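Dropping structure.txt in here (compact mmCIF, C-alpha atoms):
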# COMPACT_ATOMS: atom_id res chain seq x y z
CA MET A 53 0.00 0.00 0.00
CA LYS A 54 2.87 2.36 0.79
CA ILE A 55 4.37 1.81 -2.70
CA ILE A 56 1.07 2.70 -4.39
CA THR A 57 0.73 5.86 -2.29
CA THR A 58 4.29 6.88 -3.17
CA LYS A 59 3.64 6.33 -6.88
CA ILE A 60 0.45 8.39 -6.76
CA LEU A 61 2.25 11.17 -4.91
CA LEU A 62 5.10 11.13 -7.43
CA ALA A 63 2.64 11.21 -10.36
CA GLY A 64 0.91 14.19 -8.74
CA ILE A 65 4.19 16.08 -8.36
CA VAL A 66 5.10 15.44 -12.00
CA ALA A 67 1.63 16.60 -13.14
CA VAL A 68 1.85 19.81 -11.10
CA ALA A 69 5.34 20.53 -12.42
CA PHE A 70 4.15 20.04 -16.00
CA LEU A 71 1.09 22.24 -15.56
CA THR A 72 2.99 25.09 -13.94
CA THR A 73 5.71 25.24 -16.60
CA GLY A 74 3.27 25.22 -19.52
CA CYS A 75 4.35 24.48 -23.05
CA GLU A 76 7.61 26.29 -23.49
CA LYS A 77 9.18 26.30 -26.91
CA ASP A 78 11.15 28.65 -29.13
CA TYR A 79 9.24 31.61 -30.54
CA ILE A 80 10.79 33.92 -33.13
CA CYS A 81 10.08 37.64 -32.75
CA LYS A 82 10.77 39.68 -35.89
CA CYS A 83 10.88 43.46 -35.76
CA SER A 84 10.80 46.00 -38.57
CA LYS A 85 11.66 49.68 -38.52
CA THR A 86 9.48 52.06 -40.51
CA TYR A 87 10.58 55.61 -41.27
CA THR A 88 7.87 58.11 -42.12
CA SER A 89 8.22 61.47 -43.80
CA GLY A 90 6.09 63.87 -45.79
CA SER A 91 6.89 61.95 -48.97
CA GLY A 92 5.89 58.49 -47.67
CA SER A 93 7.34 55.68 -45.63
CA SER A 94 10.14 53.14 -45.83
CA THR A 95 10.24 49.82 -43.94
CA GLN A 96 13.28 47.63 -43.31
CA ASN A 97 14.05 44.53 -41.24
CA TYR A 98 15.34 45.66 -37.88
CA SER A 99 16.02 42.74 -35.51
CA THR A 100 15.09 39.16 -34.67
CA TYR A 101 14.83 37.65 -31.20
CA THR A 102 14.29 34.07 -30.07
CA TYR A 103 12.37 33.49 -26.85
CA HIS A 104 12.16 30.06 -25.20
CA ASP A 105 8.93 30.63 -23.32
CA THR A 106 5.20 30.06 -23.32
CA LYS A 107 3.39 31.66 -26.24
CA THR A 108 1.70 34.29 -24.04
CA THR A 109 4.99 35.34 -22.43
CA ALA A 110 6.84 35.34 -25.76
CA ILE A 111 4.19 37.62 -27.31
CA SER A 112 4.43 39.97 -24.35
CA ARG A 113 8.24 40.07 -24.53
CA CYS A 114 8.12 40.59 -28.30
CA ASN A 115 5.65 43.48 -27.97
CA GLY A 116 7.98 45.02 -25.38
CA ASN A 117 10.48 45.71 -28.19
CA GLU A 118 8.09 48.07 -29.97
CA THR A 119 8.92 51.75 -29.77
CA SER A 120 9.01 54.97 -31.77
CA GLY A 121 11.30 57.96 -31.94
CA SER A 122 13.63 59.79 -34.27
CA ASP A 123 17.24 59.48 -35.37
CA LEU A 124 19.38 60.69 -38.27
CA GLY A 125 17.02 58.89 -40.68
CA GLY A 126 13.96 60.75 -39.38
CA ASN A 127 10.90 59.69 -37.41
CA TYR A 128 10.48 55.94 -37.03
CA SER A 129 8.40 53.24 -35.40
CA ILE A 130 9.53 49.71 -34.56
CA ASN A 131 6.86 47.04 -34.85
CA CYS A 132 7.37 43.42 -33.78
CA GLU A 133 5.43 40.20 -34.07
CA ILE A 134 5.82 36.51 -33.32
CA GLN A 135 6.39 34.44 -36.46
structure tokens encoding of this file:
Amino acid sequence: MKIITTKILLAGIVAVAFLTTGCEKDYICKCSKTYTSGSGSSTQNYSTYTYHDTKTTAISRCNGNETSGSDLGGNYSINCEIQ
């Protein structure tokens, strides 16, 4: 009886560990930089990140790379999305 109880307890611990870690895998976050001016806009590849995480967390981290501002090229915005 003690062996069965130990096996059930071990199975429960494994199940809880699996459920709390979720399905982590590699997610690719690709960002592009778009310059805007009075004459139009120009978009170029900017950066790529790989996140080994759950999908929800990877999307959140990817979106955290988005920004806007200005530099020598003019006004820009950086947009990112999970591929």
Distance in Å - CA of Thr109 in chain A versus CA of Ser129 in chain A: 22.4 Å
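Restricting the calculation to all atoms listed in the file, the smallest distance between Ser89 in chain A and any of A:Glu118, A:Gly126, A:Thr108, A:Ile60 is found for A:Gly126.
With CA of Ile56 in chain A on one side and CA of Cys75 in chain A on the other, the separation reads 28.9 Å.
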Near-Cys132 in chain A list (12 Å; only C-alpha atoms; drop same-chain fewer than 3 positions) as a PyMOL selection string: chain A and resi 80-86+96-101+110-120+129+135
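Between CA of Ile134 in chain A and CA of Ser122 in chain A the interatomic distance comes to 24.6 Å.
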Option closest in space to Thr102 in chain A, from A:Tyr87, A:Gly121, A:Asp78, A:Ile130 [counting all atoms listed in the file]: A:Asp78
Using all atoms listed in the file, can you list as a JSON list (two decimals) with C-alpha atoms, in the frame of the given file the residues within 7 Å of (10.6, 30.3, -24.3)?
[["chain", "number", "residue", "atom", "x", "y", "z"],
["A", 76, "GLU", "CA", 7.61, 26.29, -23.49],
["A", 77, "LYS", "CA", 9.18, 26.30, -26.91],
["A", 78, "ASP", "CA", 11.15, 28.65, -29.13],
["A", 79, "TYR", "CA", 9.24, 31.61, -30.54],
["A", 103, "TYR", "CA", 12.37, 33.49, -26.85],
["A", 104, "HIS", "CA", 12.16, 30.06, -25.20],
["A", 105, "ASP", "CA", 8.93, 30.63, -23.32],
["A", 106, "THR", "CA", 5.20, 30.06, -23.32],
["A", 110, "ALA", "CA", 6.84, 35.34, -25.76]]
